[in-house]
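Peer 1: Provided below: final.cif, containing mmCIF, C-alpha atoms.
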```
data_final
loop_
_atom_site.label_atom_id
_atom_site.label_comp_id
_atom_site.auth_asym_id
_atom_site.auth_seq_id
_atom_site.Cartn_x
_atom_site.Cartn_y
_atom_site.Cartn_z
CA MET A 1 -21.11 40.96 -35.63
CA THR A 2 -21.50 43.08 -38.75
CA SER A 3 -18.45 45.22 -39.34
CA ALA A 4 -19.00 48.97 -39.23
CA PHE A 5 -16.81 49.14 -42.31
CA LEU A 6 -19.27 46.96 -44.19
CA ALA A 7 -22.15 49.14 -43.05
CA PHE A 8 -20.39 52.33 -44.12
CA PRO A 9 -18.66 51.70 -47.44
CA SER A 10 -17.41 55.31 -47.49
CA SER A 11 -15.00 54.47 -44.66
CA PRO A 12 -11.34 54.99 -45.64
CA PHE A 13 -10.77 51.33 -44.68
CA ALA A 14 -13.55 49.98 -46.93
CA ALA A 15 -11.01 48.84 -49.55
CA LEU A 16 -9.48 46.48 -46.98
CA VAL A 17 -12.74 44.73 -46.01
CA HIS A 18 -12.42 42.21 -48.85
CA TYR A 19 -9.03 41.25 -47.38
CA GLY A 20 -10.50 40.57 -43.93
CA TRP A 21 -10.43 43.97 -42.22
CA ASP A 22 -12.98 44.30 -39.41
CA ASP A 23 -13.72 46.28 -36.27
CA VAL A 24 -11.32 44.23 -34.14
CA TRP A 25 -8.42 44.93 -36.49
CA ALA A 26 -9.43 48.60 -36.47
CA ASP A 27 -9.18 48.68 -32.68
CA GLU A 28 -5.77 46.99 -32.79
CA PHE A 29 -4.54 49.48 -35.36
CA ALA A 30 -5.91 52.62 -33.68
CA PRO A 31 -2.67 53.58 -31.84
CA TYR A 32 -0.72 53.44 -35.12
CA ALA A 33 -3.34 55.46 -36.96
CA THR A 34 -2.66 58.37 -34.59
CA GLU A 35 1.00 58.21 -35.71
CA GLY A 36 -0.06 58.65 -39.32
CA LEU A 37 0.84 55.09 -40.34
CA LEU A 38 -1.09 53.15 -42.96
CA ALA A 39 -2.95 49.91 -42.27
CA GLY A 40 -2.42 47.09 -44.71
CA ARG A 41 -2.27 43.35 -45.22
CA VAL A 42 0.84 41.56 -46.46
CA ILE A 43 0.11 39.74 -49.71
CA ARG A 44 3.66 38.63 -50.55
CA VAL A 45 7.08 38.46 -48.85
CA ASP A 46 10.46 37.91 -50.46
CA ARG A 47 14.06 38.84 -49.64
CA GLY A 48 13.34 41.12 -46.72
CA GLN A 49 10.64 43.08 -48.52
CA CYS A 50 6.92 42.67 -48.87
CA ASP A 51 3.94 43.80 -50.91
CA VAL A 52 1.19 45.30 -48.77
CA VAL A 53 -2.35 46.09 -49.88
CA THR A 54 -3.41 49.39 -48.27
CA THR A 55 -6.01 52.09 -48.77
CA ASP A 56 -3.43 53.73 -51.04
CA GLY A 57 -3.12 50.61 -53.17
CA VAL A 58 -0.38 47.95 -53.14
CA LEU A 59 2.87 49.26 -51.68
CA ARG A 60 6.38 47.80 -51.52
CA ALA A 61 7.92 47.99 -48.05
CA ASP A 62 11.05 46.88 -46.22
CA THR A 63 10.67 44.59 -43.19
CA ALA A 64 13.99 45.37 -41.47
CA PHE A 65 12.29 47.07 -38.48
CA VAL A 66 10.56 43.80 -37.52
CA THR A 67 12.95 41.35 -35.81
CA PRO A 68 14.64 39.72 -38.81
CA ASN A 69 16.58 36.96 -37.00
CA ASP A 70 13.64 35.15 -35.40
CA PRO A 71 11.67 33.02 -37.92
CA MET A 72 8.62 33.29 -35.66
CA ARG A 73 8.61 37.08 -35.55
CA VAL A 74 9.36 38.07 -39.10
CA VAL A 75 6.63 39.60 -41.23
CA CYS A 76 4.79 36.90 -43.17
CA THR A 77 2.00 36.63 -45.71
CA GLY A 78 -1.36 37.26 -44.06
CA ASP A 79 -0.06 39.67 -41.43
CA TRP A 80 -1.84 42.97 -40.81
CA VAL A 81 0.82 45.65 -40.55
CA ALA A 82 1.44 49.33 -39.89
CA VAL A 83 3.35 50.85 -42.81
CA GLU A 84 5.05 54.20 -43.22
CA PRO A 85 3.02 56.41 -45.58
CA ALA A 86 6.13 57.54 -47.47
CA GLY A 87 9.86 57.03 -47.69
CA ASN A 88 12.49 55.49 -49.92
CA PRO A 89 12.55 52.83 -48.81
CA ARG A 90 9.36 52.84 -46.77
CA TYR A 91 9.23 50.44 -43.81
CA VAL A 92 6.81 48.15 -42.05
CA ARG A 93 6.89 49.40 -38.45
CA THR A 94 5.16 46.41 -36.86
CA TYR A 95 2.57 43.71 -37.40
CA LEU A 96 -0.65 43.47 -35.40
CA PRO A 97 -1.11 40.57 -32.93
CA ARG A 98 -1.82 37.41 -34.89
CA ARG A 99 -5.10 35.56 -34.38
CA THR A 100 -3.75 32.32 -35.80
CA ALA A 101 -0.42 31.18 -37.22
CA PHE A 102 0.57 28.15 -39.28
CA VAL A 103 4.00 27.04 -38.02
CA ARG A 104 6.33 24.18 -38.87
CA SER A 105 9.82 23.34 -37.62
CA THR A 106 12.68 24.54 -39.79
CA SER A 107 15.16 22.23 -41.43
CA SER A 108 18.00 23.83 -39.48
CA LYS A 109 19.72 22.01 -36.63
CA ARG A 110 18.68 24.81 -34.26
CA SER A 111 15.13 23.46 -34.15
CA GLU A 112 13.39 26.76 -34.73
CA GLY A 113 9.80 27.31 -35.68
CA GLN A 114 9.01 28.86 -39.07
CA ILE A 115 5.76 30.73 -39.56
CA LEU A 116 4.27 30.11 -43.00
CA ALA A 117 1.03 32.11 -42.88
CA ALA A 118 -0.79 34.32 -40.38
CA ASN A 119 -4.40 35.13 -39.51
CA VAL A 120 -5.80 32.11 -41.31
CA ASP A 121 -9.36 30.87 -40.83
CA TYR A 122 -9.17 27.71 -43.00
CA ALA A 123 -6.19 25.43 -43.62
CA VAL A 124 -6.84 23.63 -46.92
CA VAL A 125 -4.76 20.46 -47.25
CA ALA A 126 -4.52 19.52 -50.93
CA VAL A 127 -4.02 15.79 -51.59
CA SER A 128 -3.61 14.51 -55.15
CA LEU A 129 -5.64 11.48 -56.21
CA ALA A 130 -3.09 10.89 -58.99
CA LEU A 131 -1.06 8.98 -56.39
CA GLU A 132 -1.77 6.39 -53.72
CA LEU A 133 -3.04 8.11 -50.61
CA ASP A 134 -0.39 8.75 -47.96
CA LEU A 135 -2.59 8.90 -44.88
CA GLY A 136 0.35 9.48 -42.57
CA ARG A 137 1.23 12.68 -44.42
CA VAL A 138 -2.39 13.81 -44.26
CA GLU A 139 -2.32 13.31 -40.48
CA ARG A 140 0.90 15.34 -40.24
CA PHE A 141 -0.56 18.29 -42.15
CA LEU A 142 -3.74 18.14 -40.10
CA ALA A 143 -1.82 18.19 -36.81
CA LEU A 144 -0.15 21.45 -37.85
CA ALA A 145 -3.44 22.82 -39.16
CA TRP A 146 -5.32 22.15 -35.90
CA GLU A 147 -2.43 23.58 -33.87
CA SER A 148 -2.53 26.79 -35.90
CA GLY A 149 -6.03 27.59 -34.68
CA ALA A 150 -7.52 27.36 -38.18
CA GLN A 151 -10.29 24.98 -39.30
CA PRO A 152 -8.73 22.22 -41.45
CA LEU A 153 -10.28 21.10 -44.72
CA VAL A 154 -8.96 18.26 -46.91
CA VAL A 155 -9.38 18.73 -50.65
CA LEU A 156 -8.79 15.66 -52.81
CA THR A 157 -7.56 17.18 -56.08
CA LYS A 158 -7.59 15.62 -59.56
CA ALA A 159 -10.79 13.71 -58.76
CA ASP A 160 -11.41 13.35 -62.51
CA LEU A 161 -8.63 10.73 -62.51
CA VAL A 162 -10.93 8.47 -60.46
CA PRO A 163 -13.94 8.13 -62.77
CA ASP A 164 -15.52 5.27 -60.81
CA ALA A 165 -17.88 6.80 -58.24
CA ALA A 166 -17.65 3.84 -55.87
CA THR A 167 -13.85 3.97 -55.82
CA LEU A 168 -13.88 7.71 -55.25
CA GLY A 169 -16.35 7.23 -52.41
CA HIS A 170 -14.04 4.71 -50.73
CA LEU A 171 -11.09 7.09 -51.01
CA VAL A 172 -13.11 9.87 -49.42
CA GLN A 173 -14.13 7.53 -46.59
CA ASP A 174 -10.51 6.51 -45.99
CA VAL A 175 -9.51 10.13 -45.55
CA GLU A 176 -12.55 10.91 -43.39
CA LYS A 177 -11.54 8.12 -40.99
CA THR A 178 -8.06 9.66 -40.88
CA ALA A 179 -9.41 13.16 -40.32
CA PRO A 180 -12.14 13.11 -37.65
CA GLY A 181 -14.08 16.36 -37.56
CA VAL A 182 -12.58 17.57 -40.85
CA PRO A 183 -14.60 18.08 -44.06
CA VAL A 184 -13.23 16.09 -47.02
CA LEU A 185 -14.09 17.37 -50.49
CA PRO A 186 -13.11 15.79 -53.84
CA VAL A 187 -12.58 18.38 -56.56
CA SER A 188 -11.49 18.54 -60.17
CA SER A 189 -10.03 21.84 -61.29
CA SER A 190 -10.14 20.81 -64.95
CA ALA A 191 -13.75 19.62 -64.87
CA GLY A 192 -14.94 22.20 -62.34
CA GLU A 193 -16.37 19.55 -60.00
CA GLY A 194 -16.64 20.55 -56.35
CA LEU A 195 -15.28 24.05 -56.93
CA ASP A 196 -18.57 25.82 -56.14
CA VAL A 197 -18.82 24.11 -52.76
CA LEU A 198 -15.17 24.87 -51.94
CA ALA A 199 -15.51 28.51 -53.02
CA ALA A 200 -18.59 28.92 -50.81
CA VAL A 201 -16.67 27.61 -47.78
CA LEU A 202 -13.61 29.77 -48.42
CA SER A 203 -15.65 32.94 -48.99
CA GLY A 204 -15.99 33.32 -45.23
CA GLY A 205 -12.42 34.34 -44.43
CA THR A 206 -8.73 33.73 -45.08
CA SER A 207 -7.54 30.32 -46.29
CA VAL A 208 -4.08 28.87 -46.73
CA LEU A 209 -3.48 26.20 -49.37
CA LEU A 210 -1.05 23.49 -48.26
CA GLY A 211 0.35 20.33 -49.80
CA GLN A 212 3.22 18.68 -51.61
CA SER A 213 4.56 19.83 -54.96
CA GLY A 214 2.38 18.31 -57.65
CA ALA A 215 -0.74 18.25 -55.49
CA GLY A 216 -2.44 20.71 -57.85
CA LYS A 217 -2.47 23.71 -55.52
CA SER A 218 -1.67 26.35 -58.13
CA THR A 219 -4.15 24.85 -60.58
CA LEU A 220 -6.77 24.89 -57.83
CA ALA A 221 -5.94 28.50 -56.95
CA ASN A 222 -6.35 29.52 -60.61
CA ALA A 223 -9.69 27.71 -60.82
CA LEU A 224 -11.00 29.43 -57.68
CA ILE A 225 -9.87 32.86 -58.85
CA GLY A 226 -11.14 32.34 -62.39
CA GLU A 227 -7.92 33.29 -64.16
CA ASP A 228 -4.36 32.03 -64.50
CA VAL A 229 -2.56 34.07 -61.86
CA MET A 230 -0.33 31.21 -60.66
CA ASP A 231 2.25 29.40 -62.81
CA VAL A 232 1.43 25.72 -63.35
CA ARG A 233 3.75 22.93 -64.48
CA ALA A 234 3.00 19.27 -65.10
CA ALA A 235 3.75 16.76 -62.37
CA ARG A 236 6.16 13.92 -63.11
CA ASP A 237 4.49 10.68 -64.16
CA VAL A 238 6.90 8.65 -62.02
CA ASP A 239 5.98 10.01 -58.61
CA GLY A 240 3.37 12.69 -59.25
CA LYS A 241 5.63 15.42 -57.90
CA GLY A 242 6.03 18.77 -59.57
CA ARG A 243 8.70 21.42 -59.41
CA HIS A 244 8.05 24.36 -57.09
CA THR A 245 5.92 26.46 -59.42
CA THR A 246 4.97 28.64 -56.46
CA THR A 247 8.14 30.02 -54.85
CA THR A 248 6.61 32.58 -52.50
CA ARG A 249 3.44 32.71 -50.41
CA ASN A 250 0.88 34.85 -52.22
CA LEU A 251 -2.37 36.20 -50.79
CA LEU A 252 -5.01 36.32 -53.53
CA ALA A 253 -8.49 37.86 -53.39
CA LEU A 254 -11.26 35.43 -54.38
CA PRO A 255 -14.06 36.78 -56.59
CA GLY A 256 -16.80 35.30 -54.38
CA GLY A 257 -15.33 36.71 -51.18
CA GLY A 258 -12.48 35.69 -48.92
CA VAL A 259 -8.76 35.51 -49.67
CA LEU A 260 -6.47 32.58 -50.38
CA ILE A 261 -2.79 32.16 -49.51
CA ASP A 262 -1.07 29.84 -51.97
CA THR A 263 2.16 28.31 -50.68
CA PRO A 264 5.12 26.51 -52.25
CA GLY A 265 4.97 22.72 -52.12
CA LEU A 266 6.20 21.50 -48.73
CA ARG A 267 8.63 18.59 -48.92
CA GLY A 268 9.42 18.69 -45.21
CA VAL A 269 6.55 19.17 -42.81
CA GLY A 270 8.07 19.01 -39.34
CA LEU A 271 5.90 19.44 -36.27
CA TRP A 272 6.47 22.43 -34.02
CA ASP A 273 5.03 22.24 -30.50
CA ALA A 274 1.89 20.62 -31.91
CA GLU A 275 0.78 18.28 -29.12
CA THR A 276 -2.72 19.73 -29.08
CA GLY A 277 -2.97 19.38 -32.86
CA VAL A 278 -1.83 15.75 -32.72
CA GLY A 279 -4.44 15.05 -30.07
CA GLN A 280 -7.12 16.59 -32.27
CA VAL A 281 -6.13 14.46 -35.28
CA PHE A 282 -6.22 11.31 -33.18
CA SER A 283 -9.19 12.26 -31.04
CA GLU A 284 -10.54 8.70 -31.01
CA ILE A 285 -7.29 7.45 -29.43
CA GLU A 286 -7.33 10.17 -26.80
CA GLY A 287 -10.95 9.27 -26.09
CA LEU A 288 -10.04 5.61 -25.62
CA ALA A 289 -7.09 6.56 -23.41
CA ALA A 290 -9.49 7.99 -20.84
CA ASP A 291 -10.52 4.41 -20.04
CA CYS A 292 -6.98 3.06 -19.57
CA ARG A 293 -6.20 1.66 -16.12
CA PHE A 294 -3.24 4.02 -15.66
CA HIS A 295 -3.55 7.74 -16.31
CA ASP A 296 -0.01 7.87 -17.74
CA CYS A 297 -0.49 4.80 -19.94
CA ALA A 298 1.89 4.81 -22.94
CA HIS A 299 -0.33 2.33 -24.85
CA GLU A 300 2.58 -0.03 -25.40
CA ALA A 301 2.31 -3.03 -23.08
CA GLU A 302 0.52 -1.80 -19.97
CA PRO A 303 -2.22 -3.96 -18.46
CA GLY A 304 -5.70 -2.55 -18.75
CA CYS A 305 -4.85 -0.39 -21.77
CA ALA A 306 -8.08 0.50 -23.54
CA VAL A 307 -6.20 1.66 -26.65
CA LEU A 308 -4.42 -1.67 -27.14
CA ALA A 309 -7.70 -3.48 -26.48
CA ALA A 310 -9.29 -1.46 -29.28
CA VAL A 311 -6.46 -2.46 -31.62
CA ASP A 312 -6.84 -6.13 -30.67
CA SER A 313 -10.59 -6.03 -31.30
CA GLY A 314 -10.16 -4.30 -34.66
CA VAL A 315 -11.95 -1.12 -33.56
CA LEU A 316 -8.75 0.94 -33.90
CA PRO A 317 -6.46 0.33 -36.91
CA GLU A 318 -2.91 -0.48 -35.84
CA ARG A 319 -1.65 2.00 -38.43
CA ARG A 320 -3.42 4.84 -36.62
CA LEU A 321 -1.80 3.98 -33.29
CA ALA A 322 1.65 3.71 -34.92
CA SER A 323 1.19 7.11 -36.59
CA TYR A 324 -0.02 8.64 -33.31
CA ARG A 325 3.05 7.37 -31.47
CA LYS A 326 5.37 8.58 -34.23
CA LEU A 327 4.01 12.13 -34.29
CA LEU A 328 3.98 12.40 -30.49
CA ARG A 329 7.61 11.25 -30.28
CA GLU A 330 8.66 13.68 -33.01
CA ASN A 331 6.86 16.57 -31.34
CA GLN A 332 8.38 15.68 -27.98
CA ARG A 333 11.89 15.72 -29.46
CA ILE A 334 11.31 19.15 -30.97
CA VAL A 335 9.93 20.59 -27.72
CA ALA A 336 12.73 18.99 -25.69
CA LYS A 337 15.37 20.87 -27.67
CA THR A 338 14.02 24.17 -26.39
CA ASP A 339 12.47 23.16 -23.03
CA ALA A 340 14.76 21.95 -20.23
CA ARG A 341 11.83 20.64 -18.19
CA VAL A 342 10.68 18.40 -21.01
CA ARG A 343 14.24 17.15 -21.54
CA ALA A 344 14.41 16.16 -17.87
CA GLU A 345 11.08 14.36 -18.10
CA ILE A 346 12.28 12.41 -21.15
CA ARG A 347 15.49 11.38 -19.35
CA ARG A 348 13.49 10.18 -16.33
CA ASP A 349 11.19 8.24 -18.65
CA TRP A 350 14.15 6.62 -20.39
CA LYS A 351 15.66 5.60 -17.02
CA ARG A 352 12.33 4.18 -15.82
CA LYS A 353 11.81 2.17 -18.99
CA GLY A 354 15.42 0.97 -18.88
CA ALA A 355 15.01 -0.22 -15.29
CA GLU A 356 11.74 -1.94 -16.15
CA GLY A 357 13.36 -3.60 -19.15
CA ARG A 358 16.29 -4.89 -17.09
CA ALA A 359 13.94 -6.15 -14.38
CA ALA A 360 11.82 -7.95 -16.96
CA MET A 361 14.91 -9.54 -18.50
CA ASP A 362 16.18 -10.65 -15.11
CA ALA A 363 12.79 -12.14 -14.26
CA LYS A 364 12.70 -13.95 -17.58
CA ARG A 365 16.13 -15.45 -16.92
CA GLY A 366 15.21 -16.35 -13.36
CA ARG A 367 17.69 -13.99 -11.77
CA TRP A 368 15.78 -12.10 -9.09
CA HIS A 369 17.59 -9.45 -7.12
#
```
Written as structure tokens, how would this file's structure read?
Peer 2:
Amino acid sequence: MTSAFLAFPSSPFAALVHYGWDDVWADEFAPYATEGLLAGRVIRVDRGQCDVVTTDGVLRADTAFVTPNDPMRVVCTGDWVAVEPAGNPRYVRTYLPRRTAFVRSTSSKRSEGQILAANVDYAVVAVSLALELDLGRVERFLALAWESGAQPLVVLTKADLVPDAATLGHLVQDVEKTAPGVPVLPVSSSAGEGLDVLAAVLSGGTSVLLGQSGAGKSTLANALIGEDVMDVRAARDVDGKGRHTTTTRNLLALPGGGVLIDTPGLRGVGLWDAETGVGQVFSEIEGLAADCRFHDCAHEAEPGCAVLAAVDSGVLPERRLASYRKLLRENQRIVAKTDARVRAEIRRDWKRKGAEGRAAMDAKRGRWH
């Protein structure tokens, strides 16, 4: 649907269209407009304050009104908010309901979720070709990306370091097999290769740029924007990792349309209630599981397991199954810490497997009870 704000550039909200404003956001904001509040999008958050782009320009606002003690409900980059038109300090009154949210588990022992970016259409996972591919890490990022509701996209950065076309093609194929249903695009920020295709994709909405330190995210952001707006430092030769040149999440307008959220390098990428995302990443395993003899097959040693048969025949790489199991177990542990029902199910499963193990050992030793 064509936005009315695009059709009528004289609208007071026209300045926000480039940042993703549309008729749906206008409807969500309508009750706050009657209170005289300003609509805006958060382009940066730090230390309890945020920068908000509004029809009055970029404003600095305090976020204390929005629940500060819940990492899932704090104002974050990408939020659309209602801001006080004046005041010292001026405050964000609320954020509009989020369409999508990229969430990971925090490093705290309380097992909380931490929202990294909101209202994202594309989750761009940057993977450096300066290092050996870590396919398990790619799968982890993709699980969170799918769970967020955004469309994942893998960008293989520093493609100029792989001058042999055949080798580069094999690397792309390896990632494509790891990322079913996800576009994989090799790019070189220094040589400009692949940037036009990536810019065309990202022009259709809001994108978040994800990856480890040293993956070339800030360099890629600068190349897409056409100027050096993000600080860039060289990655270490030993492990390819860089220092956190990006320390906050910044929403940047792209010249060809769309906006990009650049994020700090993520050392820890813990899953947070991402079972659906894991299933999407490993869709071929979930498809095979439909043919298992038992509907609750754990794909470990059960008879008639179609997944294990696929591994034995070479159709399914054993590494993929091991990664699938690992991410499911991790996600289950996270969910169990906040869900009593899941904890009870895990305990029952442990008891069942323990009883089966003891029975198998007794049978092996010839001691039947």
Peer 1: Could you check how far CA of Tyr19 (chain A) sits from CA of Gly205 (chain A), in Å to one decimal?
Peer 2: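 Separation of CA of Tyr19 (chain A) and CA of Gly205 (chain A): 8.2 Å.
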Peer 1: May I have the residues at most 12 Å from (-18.7, 16.3, -61.0) in the file's coordinates, counting only C-alpha atoms, as a list in words?
Peer 2: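 Output: Lys158, Ala159, Asp160, Leu161, Val162, Pro163, Asp164, Ala165, Leu168, Leu185, Pro186, Val187, Ser188, Ser189, Ser190, Ala191, Gly192, Glu193, Gly194, Leu195, Asp196 and Val197 of chain A.
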Peer 1: Produce a file of the selected residues containing C-alpha atoms, as an mmCIF file, keeping the file's coordinate frame.
Peer 2:
```
data_model
loop_
_atom_site.group_PDB
_atom_site.id
_atom_site.type_symbol
_atom_site.label_atom_id
_atom_site.label_comp_id
_atom_site.auth_asym_id
_atom_site.auth_seq_id
_atom_site.Cartn_x
_atom_site.Cartn_y
_atom_site.Cartn_z
ATOM 1 C CA LYS A 158 -7.590 15.620 -59.560
ATOM 2 C CA ALA A 159 -10.790 13.710 -58.760
ATOM 3 C CA ASP A 160 -11.410 13.350 -62.510
ATOM 4 C CA LEU A 161 -8.630 10.730 -62.510
ATOM 5 C CA VAL A 162 -10.930 8.470 -60.460
ATOM 6 C CA PRO A 163 -13.940 8.130 -62.770
ATOM 7 C CA ASP A 164 -15.520 5.270 -60.810
ATOM 8 C CA ALA A 165 -17.880 6.800 -58.240
ATOM 9 C CA LEU A 168 -13.880 7.710 -55.250
ATOM 10 C CA LEU A 185 -14.090 17.370 -50.490
ATOM 11 C CA PRO A 186 -13.110 15.790 -53.840
ATOM 12 C CA VAL A 187 -12.580 18.380 -56.560
ATOM 13 C CA SER A 188 -11.490 18.540 -60.170
ATOM 14 C CA SER A 189 -10.030 21.840 -61.290
ATOM 15 C CA SER A 190 -10.140 20.810 -64.950
ATOM 16 C CA ALA A 191 -13.750 19.620 -64.870
ATOM 17 C CA GLY A 192 -14.940 22.200 -62.340
ATOM 18 C CA GLU A 193 -16.370 19.550 -60.000
ATOM 19 C CA GLY A 194 -16.640 20.550 -56.350
ATOM 20 C CA LEU A 195 -15.280 24.050 -56.930
ATOM 21 C CA ASP A 196 -18.570 25.820 -56.140
ATOM 22 C CA VAL A 197 -18.820 24.110 -52.760
#
```
Peer 1: Just to confirm, what's the straight-line distance from CA of Asp79 (chain A) to CA of Asp27 (chain A) in Å (one decimal)?
Peer 2: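 For CA of Asp79 (chain A) relative to CA of Asp27 (chain A), the distance reads 15.5 Å.
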Peer 1: Here is a test: counting only C-alpha atoms, which residue of A:Ile334, A:Val42, A:Ala61, A:Ala298 is nearest to Leu251 (chain A)?
Peer 2: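 Once distances to Leu251 (chain A) are computed over only C-alpha atoms, the minimum belongs to A:Val42.
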Peer 1: For the atom pair CA of Leu129 (chain A) and CA of Leu327 (chain A), what is the interatomic distance in Å to one decimal place?
Peer 2: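 Atom-to-atom, CA of Leu129 (chain A) to CA of Leu327 (chain A), that is 24.0 Å.
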Peer 1: Which residue gives the smallest distance to Gln151 (chain A) among A:Tyr95, A:Tyr122, A:Phe65, A:Tyr32, with all atoms listed in the file counted?
Peer 2: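 Smallest separation from Gln151 (chain A) among the options: A:Tyr122.
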Peer 1: Give me the residues within 12 Å of Tyr324 (chain A) as a list in words, counting only C-alpha atoms and dropping any in the same chain fewer than 5 places off.
Peer 2: Leu135, Gly136, Arg137, Glu139, Arg140, Ala143, Thr178, Glu275, Gly277, Val278, Gly279, Gln280, Val281, Phe282, Ser283, Glu284, Ile285, Glu286, Ala298, His299, Val307, Leu316, Pro317, Glu318, Arg319, Arg329, Glu330 and Asn331 of chain A
Peer 1: Output C-alpha atoms for every residue in the selection just made, as a PDB file, in the frame of the given file.
Peer 2:
```
ATOM      1  CA  LEU A 135      -2.590   8.900 -44.880  1.00  0.00           C
ATOM      2  CA  GLY A 136       0.350   9.480 -42.570  1.00  0.00           C
ATOM      3  CA  ARG A 137       1.230  12.680 -44.420  1.00  0.00           C
ATOM      4  CA  GLU A 139      -2.320  13.310 -40.480  1.00  0.00           C
ATOM      5  CA  ARG A 140       0.900  15.340 -40.240  1.00  0.00           C
ATOM      6  CA  ALA A 143      -1.820  18.190 -36.810  1.00  0.00           C
ATOM      7  CA  THR A 178      -8.060   9.660 -40.880  1.00  0.00           C
ATOM      8  CA  GLU A 275       0.780  18.280 -29.120  1.00  0.00           C
ATOM      9  CA  GLY A 277      -2.970  19.380 -32.860  1.00  0.00           C
ATOM     10  CA  VAL A 278      -1.830  15.750 -32.720  1.00  0.00           C
ATOM     11  CA  GLY A 279      -4.440  15.050 -30.070  1.00  0.00           C
ATOM     12  CA  GLN A 280      -7.120  16.590 -32.270  1.00  0.00           C
ATOM     13  CA  VAL A 281      -6.130  14.460 -35.280  1.00  0.00           C
ATOM     14  CA  PHE A 282      -6.220  11.310 -33.180  1.00  0.00           C
ATOM     15  CA  SER A 283      -9.190  12.260 -31.040  1.00  0.00           C
ATOM     16  CA  GLU A 284     -10.540   8.700 -31.010  1.00  0.00           C
ATOM     17  CA  ILE A 285      -7.290   7.450 -29.430  1.00  0.00           C
ATOM     18  CA  GLU A 286      -7.330  10.170 -26.800  1.00  0.00           C
ATOM     19  CA  ALA A 298       1.890   4.810 -22.940  1.00  0.00           C
ATOM     20  CA  HIS A 299      -0.330   2.330 -24.850  1.00  0.00           C
ATOM     21  CA  VAL A 307      -6.200   1.660 -26.650  1.00  0.00           C
ATOM     22  CA  LEU A 316      -8.750   0.940 -33.900  1.00  0.00           C
ATOM     23  CA  PRO A 317      -6.460   0.330 -36.910  1.00  0.00           C
ATOM     24  CA  GLU A 318      -2.910  -0.480 -35.840  1.00  0.00           C
ATOM     25  CA  ARG A 319      -1.650   2.000 -38.430  1.00  0.00           C
ATOM     26  CA  ARG A 329       7.610  11.250 -30.280  1.00  0.00           C
ATOM     27  CA  GLU A 330       8.660  13.680 -33.010  1.00  0.00           C
ATOM     28  CA  ASN A 331       6.860  16.570 -31.340  1.00  0.00           C
TER      29      ASN A 331
END
```
Peer 1: Give as JSON, numbers by chain the residues that the PyMOL selection byres ((chain A and resi 206) around 7) matches when applied to the coordinates above.
Peer 2: {"A": [120, 121, 122, 205, 207, 208, 258, 259, 260]}
Peer 1: Name the residues captured by the PyMOL selection byres ((chain A and resi 59) around 10) when it is applied to the shown file; answer as a PDB file with C-alpha atoms, in the frame of the given file.
Peer 2:
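Below is the file result-v7.pdb, written as the result:
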```pdb
ATOM      1  CA  GLY A  40      -2.420  47.090 -44.710  1.00  0.00           C
ATOM      2  CA  VAL A  42       0.840  41.560 -46.460  1.00  0.00           C
ATOM      3  CA  CYS A  50       6.920  42.670 -48.870  1.00  0.00           C
ATOM      4  CA  ASP A  51       3.940  43.800 -50.910  1.00  0.00           C
ATOM      5  CA  VAL A  52       1.190  45.300 -48.770  1.00  0.00           C
ATOM      6  CA  VAL A  53      -2.350  46.090 -49.880  1.00  0.00           C
ATOM      7  CA  THR A  54      -3.410  49.390 -48.270  1.00  0.00           C
ATOM      8  CA  THR A  55      -6.010  52.090 -48.770  1.00  0.00           C
ATOM      9  CA  ASP A  56      -3.430  53.730 -51.040  1.00  0.00           C
ATOM     10  CA  GLY A  57      -3.120  50.610 -53.170  1.00  0.00           C
ATOM     11  CA  VAL A  58      -0.380  47.950 -53.140  1.00  0.00           C
ATOM     12  CA  ARG A  60       6.380  47.800 -51.520  1.00  0.00           C
ATOM     13  CA  ALA A  61       7.920  47.990 -48.050  1.00  0.00           C
ATOM     14  CA  VAL A  83       3.350  50.850 -42.810  1.00  0.00           C
ATOM     15  CA  PRO A  85       3.020  56.410 -45.580  1.00  0.00           C
ATOM     16  CA  ALA A  86       6.130  57.540 -47.470  1.00  0.00           C
ATOM     17  CA  ARG A  90       9.360  52.840 -46.770  1.00  0.00           C
TER      18      ARG A  90
END
```
Peer 1: For Gly216 (chain A), which of A:Ala126, A:Ala14, A:Ala310, A:Val81 is the closest residue, counting only C-alpha atoms?
Peer 2: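 Once distances to Gly216 (chain A) are computed over only C-alpha atoms, the minimum belongs to A:Ala126.
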Peer 1: For the file shown, report as number ranges by chain the outcome of the PyMOL selection byres ((chain A and resi 210) around 8) at residue level.
Peer 2: A: 123-126, 208-209, 211-212, 217, 262-266
Peer 1: Find, counting all atoms listed in the file, the residue in A:Gly87, A:Arg320, A:Leu288, A:Trp146 that gets nearest to Cys305 (chain A).
Peer 2: A:Leu288
